[in-house]
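J.: Before anything else, here's the structure in question.
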Amino acid sequence: MTKKHKNKLPLLNFSQQTSSSKVDLLEEKLLALCHKIHQLQCKDMLKKKELPVAFVTFKSRSAAAVAAQLQQHTHPLLWVTELAPEPRDVSWRNLRVSYRVVPLYRLGVVIAASLLTIFFAIPVTAVQGIAKYEKLKKWFPPAMVVQLIPGLSSIVTGYLPSVVLKGFIYIVPFAMFAMAKVSGYVSRSKEEIKACNMVFYFLVGNVFFAVQNLTLQIQDMYETTYETCGQYWPYIHHYILLSIILMQITMIGLFGLKLKPAASISTIPLLLFTLMFNEYCKMRFLPSFHHYSLKDAAENDELDEKCGQLEFHYENASNAYCPPGLQPVNFMTSESSSTPLVSS
């Protein structure tokens, strides 16, 4: 037993030396790769790939708020300024899209979404044909084979249409989100908001009053990985109010068809109050989502100055908006990777 134990030690030492030499070779390759990356990041290389977009860091929030809300040039399209999104929210791939071309991109997306909404009637019509078995036999005679299997016809006409329709509706958000990505927005949150808008109006146009399904799809599809400072709330408010208005208009027409004029007339003031409430919310709350008040900015600056955090936030903001290609690359760990995991 002693001899066998002694014979295993040289093999173990040899394997450790071999693995350490491989690790050293890989570390040398990583260092060479880091050197090439830093060469690509040098100024001479970046000058050939400059973009007409920049993130400007201010030393105070009030100065940034003023610069974002004022027109910087007599030509309004020459310098376009807006508050920058959160660093994790930046869509770096869309920064290369010229601001003058963005309207064309968005127009193309609107046209594509409209065509998808219109042509979605084709699968809906096909699903309705499946639900009506008599028409299905006329359109597709082989469907009569379904009658040979007991209970299969009820499944085909009862459950299959709803499953097929839900399958088509489930695909729509992914298609809308793909179209929103090419709209030229500089933030991921705006892309998702655009996708939510298109999905909402798609459901209104095809399914009608399917707001609950929309909410479930938004929760399932879009995972929050960054802070938007409540920019979704105006759109959620718009979806809810628009759904309520459509419901009230539908009820007015329904009561009229049921020959109940008193109920129909009584619903009209409710519709007017809903519209007035919507206008009040637009005047009272909506500007706070589009603009950063100078009062709040000045108060936050004073608080940071008292706490000595003003310079810290400035440096943090300057480093946070560094493009991914310019961020320092460090493949090396703090400890040597050749250290054995288990000590002898």
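Labels used: A, B, ... for chains in the order of the structure tokens, numbers from 1 for residues in each chain, and numbers from 1 for ligands as shown.
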Using only C-alpha atoms, which protein or nucleic acid residues come within 6 Å of range 186-197 of chain A? Drop anything in the same chain fewer than 6 positions from it, and give the result as a PyMOL selection string.
T.: chain A and resi 89-91+94+176-177+180
J.: For range 168-170 of chain A, please output as a VMD selection string all residues within 10 Å (counting only C-alpha atoms; exclusion window: fewer than 2 positions along the same chain).
T.: chain A and resid 120 123 to 124 162 to 166 172 to 175 199 202 to 203 206 to 207 213 to 214 217
J.: Measure the distance from CA of Pro52 in chain A to CA of Leu104 in chain A in Å and round it to one decimal.
T.: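 Distance reported for this atom pair: 18.1 Å.
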J.: Which residue gives the smallest distance to Leu303 in chain A among A:Gln231, A:Thr81, A:Gln71, A:Ser60, with only C-alpha atoms counted?
T.: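 Nearest to Leu303 in chain A: A:Ser60.
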J.: Determine, counting only C-alpha atoms, which protein, DNA and RNA residues have an atom within 6 Å of an atom of range 225-230 of chain A; residues of the same chain fewer than 2 positions away are not included. Present the result as a PyMOL selection string.
T.: chain A and resi 88+232-233
J.: Just the residues within 9 Å of Asn278 in chain A, please, counting only C-alpha atoms, with nothing from its chain fewer than 5 positions along; format it as number ranges by chain.
T.: A: 237-238, 241, 273, 283
J.: So, with only C-alpha atoms as the atoms that count, which of A:Val101, A:Ala262, A:Val204, A:Leu77 lies closest to Ile118 in chain A?
T.: A:Val204
J.: Calculated over only C-alpha atoms, which of the candidates A:Cys322, A:Ile122, A:Ile268, A:Val182 has the smallest distance to Gly108 in chain A?
T.: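 Looking only at the distances to Gly108 in chain A, the closest residue turns out to be A:Val182.
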J.: Pick out the closest residue to Ala65 in chain A from this set: A:Ala298, A:Leu246, A:Leu254, A:Cys281. Count only C-alpha atoms.
T.: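 Looking at the shortest contact to Ala65 in chain A, the residue is A:Ala298.
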J.: Give me, please, the distance in Å between CA of Glu28 in chain A and CA of Asn319 in chain A, quoted to one decimal.
T.: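 Separation of CA of Glu28 in chain A and CA of Asn319 in chain A: 28.5 Å.
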J.: What residues in range 207-310 of chain A get the DSSP label helix (DSSP H, G or I)? Please answer as a PyMOL selection string.
T.: chain A and resi 211-221+233-257+261-284+286-290+294-307+310
J.: Find, counting only C-alpha atoms, the residue in A:Pro234, A:Ala63, A:Leu83, A:Val23 that gets nearest to Phe285 in chain A.
T.: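 Counting only C-alpha atoms, the residue closest to Phe285 in chain A is A:Pro234.
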